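One file, run_2.tsv, is given below (TSV, C-alpha atoms (C1' of nucleotides)).
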chain	number	residue	atom	x	y	z
V	1	MET	CA	95.76	102.49	91.84
V	2	TRP	CA	93.98	101.38	94.90
V	3	ILE	CA	96.56	99.02	96.35
V	4	SER	CA	98.37	101.05	98.99
V	5	ARG	CA	102.12	100.96	99.08
V	6	LYS	CA	101.93	99.15	102.37
V	7	THR	CA	99.89	96.36	100.83
V	8	ASP	CA	102.27	96.23	97.93
V	9	TYR	CA	105.19	95.92	100.34
V	10	ALA	CA	103.45	93.21	102.31
V	11	THR	CA	102.79	91.06	99.26
V	12	ARG	CA	106.35	91.48	98.10
V	13	ALA	CA	107.71	90.53	101.49
V	14	VAL	CA	105.62	87.38	101.56
V	15	LEU	CA	106.76	86.58	98.05
V	16	ALA	CA	110.37	86.97	99.12
V	17	LEU	CA	109.78	84.51	101.94
V	18	ALA	CA	108.03	82.09	99.64
V	19	LEU	CA	111.07	82.19	97.41
V	20	ALA	CA	113.35	81.49	100.37
V	21	ASP	CA	111.83	78.04	100.36
V	22	GLY	CA	111.46	77.46	104.08
V	23	ARG	CA	114.68	79.14	105.10
V	24	SER	CA	114.36	82.12	107.38
V	25	LEU	CA	115.21	85.62	106.23
V	26	LYS	CA	116.31	88.54	108.35
V	27	SER	CA	114.22	91.65	108.09
V	28	HIS	CA	117.19	93.43	106.60
V	29	GLU	CA	117.50	90.85	103.84
V	30	ILE	CA	113.86	91.14	102.95
V	31	ALA	CA	114.22	94.91	102.81
V	32	LEU	CA	117.13	94.60	100.42
V	33	ARG	CA	115.53	92.19	98.03
V	34	THR	CA	112.19	93.90	97.89
V	35	ARG	CA	113.38	97.51	98.19
V	36	ILE	CA	111.22	98.24	101.15
V	37	PRO	CA	112.52	100.83	103.65
V	38	SER	CA	113.70	98.81	106.65
V	39	SER	CA	111.98	100.92	109.24
V	40	PHE	CA	108.68	100.63	107.48
V	41	LEU	CA	109.10	96.92	106.94
V	42	GLU	CA	109.19	96.33	110.69
V	43	GLN	CA	105.60	97.48	110.98
V	44	ILE	CA	104.53	95.31	108.13
V	45	MET	CA	106.21	92.16	109.39
V	46	SER	CA	104.67	92.72	112.77
V	47	GLN	CA	101.23	92.84	111.22
V	48	LEU	CA	101.89	89.75	109.13
V	49	ARG	CA	103.01	87.97	112.24
V	50	GLY	CA	99.95	89.05	114.18
V	51	ALA	CA	97.80	87.57	111.45
V	52	GLY	CA	99.66	84.27	111.60
V	53	ILE	CA	100.97	84.48	108.06
V	54	VAL	CA	104.56	84.65	109.20
V	55	ARG	CA	106.46	83.54	112.26
V	56	SER	CA	109.61	85.00	113.72
V	57	GLU	CA	112.63	84.16	115.82
V	58	ARG	CA	114.62	86.69	117.79
V	59	GLY	CA	118.23	87.25	118.53
V	60	PRO	CA	121.13	86.85	116.13
V	61	ALA	CA	120.23	83.98	113.83
V	62	GLY	CA	116.67	85.22	114.11
V	63	GLY	CA	114.45	86.21	111.22
V	64	TYR	CA	111.16	85.50	109.55
V	65	ARG	CA	109.69	82.55	107.71
V	66	LEU	CA	106.28	81.62	106.39
V	67	ASN	CA	103.92	80.01	108.81
V	68	HIS	CA	102.23	77.85	106.16
V	69	ALA	CA	103.08	76.27	102.86
V	70	PRO	CA	103.12	78.94	100.13
V	71	LYS	CA	100.28	77.22	98.33
V	72	ASP	CA	98.09	77.74	101.39
V	73	ILE	CA	98.60	81.48	101.46
V	74	THR	CA	96.38	83.28	99.01
V	75	LEU	CA	96.99	86.76	97.74
V	76	GLU	CA	93.49	87.57	98.87
V	77	ARG	CA	94.44	86.91	102.46
V	78	VAL	CA	97.38	89.25	102.46
V	79	VAL	CA	95.65	91.97	100.50
V	80	ARG	CA	92.57	91.86	102.67
V	81	LEU	CA	94.69	92.08	105.80
V	82	PHE	CA	96.28	95.35	104.75
V	83	GLN	CA	93.67	96.77	102.47
V	84	GLY	CA	90.42	96.00	104.24
V	85	PRO	CA	87.29	95.54	102.17
V	86	LEU	CA	87.90	94.73	98.53
V	87	ALA	CA	84.79	96.39	97.14
V	88	PRO	CA	85.53	99.44	95.01
V	89	ILE	CA	83.02	101.49	96.96
V	90	SER	CA	81.57	101.38	100.44
V	91	CYS	CA	77.99	100.69	99.39
V	92	ALA	CA	79.15	97.44	97.82
V	93	THR	CA	81.02	95.72	100.63
V	94	ARG	CA	80.01	92.19	101.50
V	95	SER	CA	79.91	92.63	105.25
V	96	GLU	CA	78.34	95.98	106.10
V	97	PRO	CA	77.44	97.89	102.97
V	98	GLU	CA	76.75	101.55	103.58
V	99	PRO	CA	73.25	102.36	102.43
V	100	CYS	CA	73.10	104.26	99.16
V	101	PRO	CA	72.38	107.88	100.02
V	102	MET	CA	70.55	108.64	96.81
V	103	GLU	CA	66.88	109.45	96.70
V	104	VAL	CA	66.36	105.98	95.28
V	105	GLU	CA	68.89	103.21	95.59
V	106	CYS	CA	71.14	103.47	92.63
V	107	SER	CA	71.76	100.91	89.99
V	108	LEU	CA	75.50	101.44	89.99
V	109	LYS	CA	75.78	99.22	93.01
V	110	GLU	CA	75.31	96.07	90.97
V	111	THR	CA	78.23	96.92	88.75
V	112	TRP	CA	80.45	97.73	91.71
V	113	GLU	CA	79.55	94.35	93.16
V	114	GLU	CA	80.46	92.70	89.92
V	115	VAL	CA	83.88	94.33	90.03
V	116	ARG	CA	84.28	93.31	93.64
V	117	ASP	CA	83.43	89.70	92.91
V	118	VAL	CA	85.81	89.16	90.02
V	119	THR	CA	88.56	90.89	91.96
V	120	ILE	CA	88.08	88.62	94.93
V	121	LYS	CA	87.93	85.59	92.70
V	122	ILE	CA	91.27	86.39	91.10
V	123	LEU	CA	92.99	87.13	94.37
V	124	GLU	CA	91.60	83.99	95.96
V	125	ARG	CA	92.84	81.67	93.29
V	126	THR	CA	96.32	83.22	93.30
V	127	ASN	CA	98.54	81.68	95.94
V	128	PHE	CA	102.16	82.23	96.76
V	129	ALA	CA	103.31	78.88	95.46
V	130	THR	CA	102.12	79.95	92.03
V	131	LEU	CA	103.67	83.37	92.39
V	132	ALA	CA	106.97	81.91	93.54
V	133	LYS	CA	107.03	79.47	90.68
V	134	ARG	CA	106.24	82.24	88.24
V	135	ALA	CA	109.07	84.34	89.65
V	136	GLY	CA	111.42	81.41	90.01
V	137	GLY	CA	113.32	81.83	86.80
V	138	ARG	CA	113.96	85.46	87.43
V	139	TRP	CA	114.91	85.19	91.04
V	140	VAL	CA	116.90	81.99	91.18
V	141	ASP	CA	120.34	83.53	91.13
V	142	VAL	CA	119.50	86.29	93.50
V	143	GLU	CA	122.28	85.30	95.87
V	144	LEU	CA	124.75	86.11	93.18
V	145	LEU	CA	123.40	89.53	92.34
V	146	PRO	CA	125.54	92.51	93.30
V	147	ARG	CA	124.38	94.05	96.53
V	148	ARG	CA	124.24	97.77	96.07
V	149	VAL	CA	122.93	99.03	99.38
V	150	PRO	CA	121.17	102.40	99.26
V	151	ALA	CA	121.82	104.45	102.38
V	152	SER	CA	118.20	104.38	103.51
V	153	PHE	CA	118.27	100.62	103.77
V	154	ASN	CA	120.78	100.50	106.58
S	1	MET	CA	87.17	101.06	98.44
S	2	TRP	CA	89.17	102.68	95.74
S	3	ILE	CA	86.44	104.68	94.04
S	4	SER	CA	86.79	108.17	95.48
S	5	ARG	CA	83.73	110.00	96.61
S	6	LYS	CA	84.20	112.42	93.77
S	7	THR	CA	84.06	109.62	91.22
S	8	ASP	CA	81.05	108.18	92.97
S	9	TYR	CA	79.33	111.57	92.80
S	10	ALA	CA	80.19	111.98	89.15
S	11	THR	CA	78.70	108.65	88.17
S	12	ARG	CA	75.59	109.36	90.16
S	13	ALA	CA	75.20	112.77	88.57
S	14	VAL	CA	75.47	111.28	85.10
S	15	LEU	CA	72.97	108.61	86.05
S	16	ALA	CA	70.55	111.29	87.24
S	17	LEU	CA	70.88	113.02	83.88
S	18	ALA	CA	70.40	109.77	82.02
S	19	LEU	CA	67.19	109.27	83.94
S	20	ALA	CA	66.02	112.76	83.03
S	21	ASP	CA	65.65	111.44	79.53
S	22	GLY	CA	66.95	114.38	77.56
S	23	ARG	CA	65.44	117.07	79.75
S	24	SER	CA	67.86	119.44	81.41
S	25	LEU	CA	68.40	119.45	85.16
S	26	LYS	CA	69.56	122.34	87.28
S	27	SER	CA	72.63	121.72	89.36
S	28	HIS	CA	70.51	122.12	92.45
S	29	GLU	CA	68.13	119.40	91.31
S	30	ILE	CA	70.95	117.01	90.66
S	31	ALA	CA	72.33	117.73	94.09
S	32	LEU	CA	68.99	116.95	95.68
S	33	ARG	CA	68.36	113.70	93.93
S	34	THR	CA	71.85	112.33	94.32
S	35	ARG	CA	72.64	113.79	97.75
S	36	ILE	CA	75.75	115.50	96.54
S	37	PRO	CA	76.75	118.76	98.31
S	38	SER	CA	75.89	121.54	95.89
S	39	SER	CA	79.15	123.36	96.24
S	40	PHE	CA	81.13	120.25	95.46
S	41	LEU	CA	78.89	119.31	92.59
S	42	GLU	CA	79.87	122.51	90.80
S	43	GLN	CA	83.42	121.27	90.41
S	44	ILE	CA	82.29	117.91	89.22
S	45	MET	CA	79.89	119.21	86.60
S	46	SER	CA	82.55	121.54	85.34
S	47	GLN	CA	84.90	118.63	84.84
S	48	LEU	CA	82.21	116.56	83.13
S	49	ARG	CA	81.54	119.46	80.84
S	50	GLY	CA	85.22	119.90	80.05
S	51	ALA	CA	85.35	116.27	79.01
S	52	GLY	CA	82.35	116.67	76.74
S	53	ILE	CA	80.17	114.25	78.66
S	54	VAL	CA	77.69	116.94	79.62
S	55	ARG	CA	76.66	120.29	78.18
S	56	SER	CA	75.27	123.27	80.01
S	57	GLU	CA	73.11	126.35	79.57
S	58	ARG	CA	73.27	129.42	81.74
S	59	GLY	CA	70.75	131.81	83.15
S	60	PRO	CA	67.38	130.99	84.58
S	61	ALA	CA	66.06	127.99	82.67
S	62	GLY	CA	69.65	126.85	82.50
S	63	GLY	CA	70.99	123.53	83.62
S	64	TYR	CA	72.80	120.45	82.44
S	65	ARG	CA	72.02	117.65	80.06
S	66	LEU	CA	73.91	114.73	78.59
S	67	ASN	CA	75.93	115.47	75.50
S	68	HIS	CA	75.41	111.99	74.01
S	69	ALA	CA	72.87	109.22	74.13
S	70	PRO	CA	73.15	107.37	77.45
S	71	LYS	CA	74.08	104.17	75.64
S	72	ASP	CA	77.13	105.91	74.24
S	73	ILE	CA	78.47	106.88	77.63
S	74	THR	CA	80.28	104.05	79.34
S	75	LEU	CA	80.95	103.86	83.02
S	76	GLU	CA	84.57	103.36	82.13
S	77	ARG	CA	84.74	106.80	80.59
S	78	VAL	CA	83.40	108.59	83.62
S	79	VAL	CA	85.40	106.58	86.10
S	80	ARG	CA	88.60	107.01	84.18
S	81	LEU	CA	88.04	110.75	83.96
S	82	PHE	CA	87.89	111.16	87.71
S	83	GLN	CA	89.89	108.25	88.90
S	84	GLY	CA	92.81	108.14	86.53
S	85	PRO	CA	94.46	104.80	85.76
S	86	LEU	CA	92.34	101.78	86.60
S	87	ALA	CA	95.19	99.44	87.46
S	88	PRO	CA	95.26	98.48	91.13
S	89	ILE	CA	98.92	99.41	91.34
S	90	SER	CA	101.22	101.73	89.51
S	91	CYS	CA	103.49	99.06	88.08
S	92	ALA	CA	100.51	97.63	86.20
S	93	THR	CA	99.14	100.64	84.33
S	94	ARG	CA	98.65	100.30	80.62
S	95	SER	CA	100.20	103.58	79.62
S	96	GLU	CA	103.31	104.22	81.68
S	97	PRO	CA	103.87	101.44	84.14
S	98	GLU	CA	106.33	102.30	86.87
S	99	PRO	CA	109.19	99.85	86.80
S	100	CYS	CA	109.08	97.27	89.56
S	101	PRO	CA	111.63	98.33	92.18
S	102	MET	CA	112.39	94.82	93.36
S	103	GLU	CA	115.71	93.16	92.85
S	104	VAL	CA	114.05	91.09	90.16
S	105	GLU	CA	110.82	92.03	88.52
S	106	CYS	CA	108.10	90.54	90.56
S	107	SER	CA	105.52	88.06	89.52
S	108	LEU	CA	102.71	89.86	91.25
S	109	LYS	CA	102.47	92.21	88.33
S	110	GLU	CA	100.71	89.66	86.18
S	111	THR	CA	97.97	89.23	88.72
S	112	TRP	CA	97.52	92.96	89.11
S	113	GLU	CA	97.18	93.20	85.36
S	114	GLU	CA	94.59	90.50	85.40
S	115	VAL	CA	92.56	92.47	87.93
S	116	ARG	CA	93.00	95.61	85.88
S	117	ASP	CA	91.78	93.93	82.72
S	118	VAL	CA	88.61	92.42	84.09
S	119	THR	CA	87.80	95.68	85.84
S	120	ILE	CA	88.15	97.63	82.64
S	121	LYS	CA	86.10	95.07	80.76
S	122	ILE	CA	83.19	95.37	83.16
S	123	LEU	CA	83.25	99.14	83.21
S	124	GLU	CA	83.47	99.31	79.44
S	125	ARG	CA	80.48	97.15	78.80
S	126	THR	CA	78.36	99.05	81.31
S	127	ASN	CA	76.72	102.10	79.78
S	128	PHE	CA	74.28	104.60	81.20
S	129	ALA	CA	71.35	103.39	79.14
S	130	THR	CA	71.67	100.05	80.90
S	131	LEU	CA	72.09	101.70	84.26
S	132	ALA	CA	69.11	103.98	83.71
S	133	LYS	CA	66.96	101.09	82.64
S	134	ARG	CA	68.05	99.09	85.64
S	135	ALA	CA	67.18	102.00	87.93
S	136	GLY	CA	64.04	102.88	86.03
S	137	GLY	CA	61.56	101.07	88.20
S	138	ARG	CA	62.93	102.56	91.33
S	139	TRP	CA	63.21	106.10	90.12
S	140	VAL	CA	60.17	106.58	87.93
S	141	ASP	CA	58.01	108.39	90.47
S	142	VAL	CA	60.79	110.55	91.73
S	143	GLU	CA	58.82	113.72	91.03
S	144	LEU	CA	56.29	112.62	93.58
S	145	LEU	CA	58.72	111.84	96.34
S	146	PRO	CA	58.70	114.14	99.37
S	147	ARG	CA	61.47	116.66	99.18
S	148	ARG	CA	63.19	116.79	102.49
S	149	VAL	CA	65.90	119.35	101.91
S	150	PRO	CA	68.90	119.07	104.21
S	151	ALA	CA	70.33	122.44	105.14
S	152	SER	CA	73.62	121.81	103.39
S	153	PHE	CA	71.90	121.41	100.06
S	154	ASN	CA	70.67	124.99	99.80
Y	1	DA	C1'	129.03	91.46	128.94
Y	2	DC	C1'	128.33	92.26	124.06
Y	3	DT	C1'	126.03	92.18	119.87
Y	4	DA	C1'	122.54	91.21	116.48
Y	5	DT	C1'	118.21	90.79	115.94
Y	6	DT	C1'	113.04	91.27	116.58
Y	7	DC	C1'	109.30	94.02	118.93
Y	8	DC	C1'	106.48	97.94	120.08
Y	9	DG	C1'	104.51	102.37	120.19
Y	10	DA	C1'	104.64	107.18	119.55
Y	11	DC	C1'	105.64	110.59	116.46
Y	12	DT	C1'	106.28	113.37	112.07
Y	13	DT	C1'	105.78	114.54	107.46
Y	14	DT	C1'	103.57	114.63	103.31
Y	15	DT	C1'	99.92	114.01	100.25
Y	16	DC	C1'	95.18	113.51	98.98
Y	17	DT	C1'	90.41	114.11	99.65
Y	18	DT	C1'	86.63	116.71	100.31
Y	19	DA	C1'	84.79	120.14	100.42
Y	20	DT	C1'	83.55	125.72	101.04
Y	21	DC	C1'	83.43	130.30	99.43
Y	22	DA	C1'	83.55	134.44	96.82
Y	23	DA	C1'	83.72	136.83	92.74
Y	24	DC	C1'	82.42	136.65	87.99
Y	25	DA	C1'	79.83	135.71	83.52
Y	26	DA	C1'	75.81	134.68	80.94
Y	27	DT	C1'	70.92	134.57	80.19
Y	28	DG	C1'	66.12	135.56	80.62
Y	29	DT	C1'	62.26	138.63	82.71
Y	30	DC	C1'	60.17	142.83	83.91
N	1	DG	C1'	68.51	148.77	81.94
N	2	DA	C1'	67.82	146.61	86.61
N	3	DC	C1'	67.41	142.33	88.60
N	4	DA	C1'	67.12	137.53	89.64
N	5	DT	C1'	68.75	133.04	88.40
N	6	DT	C1'	71.82	130.13	86.96
N	7	DG	C1'	76.51	128.24	85.54
N	8	DT	C1'	82.12	129.12	85.80
N	9	DT	C1'	86.35	129.49	87.95
N	10	DG	C1'	89.97	129.63	91.17
N	11	DA	C1'	91.70	130.01	95.88
N	12	DT	C1'	92.02	127.94	99.97
N	13	DA	C1'	91.24	125.42	104.21
N	14	DA	C1'	90.12	121.47	107.29
N	15	DG	C1'	90.65	116.79	107.93
N	16	DA	C1'	92.01	112.19	107.08
N	17	DA	C1'	94.96	108.82	105.38
N	18	DA	C1'	99.37	107.21	103.81
N	19	DA	C1'	104.16	106.73	104.32
N	20	DG	C1'	107.88	106.75	106.85
N	21	DT	C1'	111.00	107.67	111.13
N	22	DC	C1'	112.78	106.97	115.65
N	23	DG	C1'	114.02	105.43	120.24
N	24	DG	C1'	114.14	102.09	123.28
N	25	DA	C1'	112.80	97.45	125.24
N	26	DA	C1'	113.02	92.38	124.86
N	27	DT	C1'	115.37	88.21	123.36
N	28	DA	C1'	118.81	85.05	122.07
N	29	DG	C1'	123.31	83.58	120.67
N	30	DT	C1'	128.58	84.06	121.46
In structure tokens, how does this file's structure come out?
Amino acid sequence: MWISRKTDYATRAVLALALADGRSLKSHEIALRTRIPSSFLEQIMSQLRGAGIVRSERGPAGGYRLNHAPKDITLERVVRLFQGPLAPISCATRSEPEPCPMEVECSLKETWEEVRDVTIKILERTNFATLAKRAGGRWVDVELLPRRVPASFN
Amino acid sequence: MWISRKTDYATRAVLALALADGRSLKSHEIALRTRIPSSFLEQIMSQLRGAGIVRSERGPAGGYRLNHAPKDITLERVVRLFQGPLAPISCATRSEPEPCPMEVECSLKETWEEVRDVTIKILERTNFATLAKRAGGRWVDVELLPRRVPASFN
DNA sequence: ACTATTCCGACTTTTCTTATCAACAATGTC
DNA sequence: GACATTGTTGATAAGAAAAGTCGGAATAGT
């Protein structure tokens, strides 16, 4: 339960764009399909754009699209952007591990590092082409789905 | 960074007890060796006791000791006790996964489950006998270490 | 001009974490 | 039985982080 809702939203938004297959989507459309509150999504898209994962066009006919091929965007990249370090605990981060405060350095660290490493490995080898393909069957007729619009999404 | 400080403390406290090799430790001693604030440690020990991981004796000469052999206490058990579900996201918990709110169920779930599963596997195969042994060399002369006592640990 | 959209930053609300404290209960010592 | 030492429990508070809202500015098409 360590993926924040914001990170969850971000990955879903990118997935929605990957499924749009190069076409651009308006922020409002993304919000609808992914069930992300519109106002919150703005923040997220802005951050994705700042990181170069997404690019945008303004004005009517504007919207968002991916800035790279889906296969070149790993889940690791998106998660790391919103989540920060992927280690389960601060003494086990790759970059600047906090020193263990115990009287002697504790042996738990090695296990936390193990968890960190397999996590990173999985997220690195998962890209959005794979995710889109996996979702393809379920999502393909999305244009045809009824569009119930909850109030908060307007 | 998803292991809360409380969980961190709990695992360190259990490790300290595993290293005590059957002898009982006073709460104050545990606090010293692990650098856990005494007042907070109370809560944690109480919870460990409630879960049957630790047993206690009161009065002078009281203290805590492990309720099982260290090799029978997995890291998974302690972490799960304090941390709750180990899935990175609520739609991927084993017990009662929250339904995916997207228009179509999203393909990210499978990756989150993958992360969950390897995490659980690592934590399950790590027990406190292993951890104690691993720490053994570092901790063995702990009785001889100088005892700087920070104010907040009294 | 008008409208639909993105862009940006400040703000609020809620929830969780991390403790701290005080009163109480049990046990051993004198 | 008085007293010191330890564990037990529950209330609560301070702070940080997460989640979401809002208003208005910039941009582009019609």
Given a cut-off of 9 Å, which residues of chain S touch chain N, counting only C-alpha atoms (C1' of nucleotides), written out as a list in words?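 The complete set of qualifying residues is Lys26, Ser27, Glu42, Ser46, Ser56, Glu57, Arg58, Gly59, Pro60, Ala61, Gly62 and Gly63 of chain S.
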Shell of 9 Å around range 77-91 of chain V, only C-alpha atoms (C1' of nucleotides), local chain residues under 5 positions omitted, as a PyMOL selection string: (chain V and resi 2-4+6-8+10-11+14+44+47-48+51+53+96-100+109+112-113+115-117+119-120+123-124) or (chain S and resi 1-5+8)
Residues of chain Y within 7 Å of chain V, counting only C-alpha atoms (C1' of nucleotides) - could you list those as a list in words? DA4, DT5 and DT6 of chain Y
Would you please work out which residue, of S:Val104, S:Ala69, S:Ala129, S:Val54, is nearest to chain V when using only C-alpha atoms? S:Val104
In Å, how far is it from CA of Ala18 in chain V to CA of Leu108 in chain S?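 Atom-to-atom, CA of Ala18 in chain V to CA of Leu108 in chain S, that is 12.6 Å.
For the residues S:Met102, S:Ala20, S:Leu15, S:Leu66, ranking by smallest atom-to-atom distance to chain V using all atoms listed in the file places S:Met102 first.
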From S:Ser39, S:Thr74, S:Thr111, S:Asn67, residue lying nearest DA19 in chain Y [all atoms listed in the file]: S:Ser39
Which of V:Thr130, V:Gly52, V:Ala16, V:Arg33 sits closest to chain S [using all atoms listed in the file]: V:Arg33
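You can rank V:Tyr9, V:Ser38, V:Arg55, V:Arg49 by their closest distance to chain S using all atoms listed in the file, and at the top of that list sits V:Tyr9.
Between CA of Arg94 in chain S and CA of Ile30 in chain V there is a distance of 28.5 Å.
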Nearest to chain V among S:Ser24, S:Ser95, S:Thr34, S:Thr126, with distances taken over only C-alpha atoms: which residue is it?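 Checking each of S:Ser24, S:Ser95, S:Thr34, S:Thr126 against chain V, counting only C-alpha atoms, the winner is S:Thr34.
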Grab the CA of Ala13 in chain S to CA of Arg35 in chain S distance for me, in Å with one decimal place.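 So the answer is 9.6 Å.
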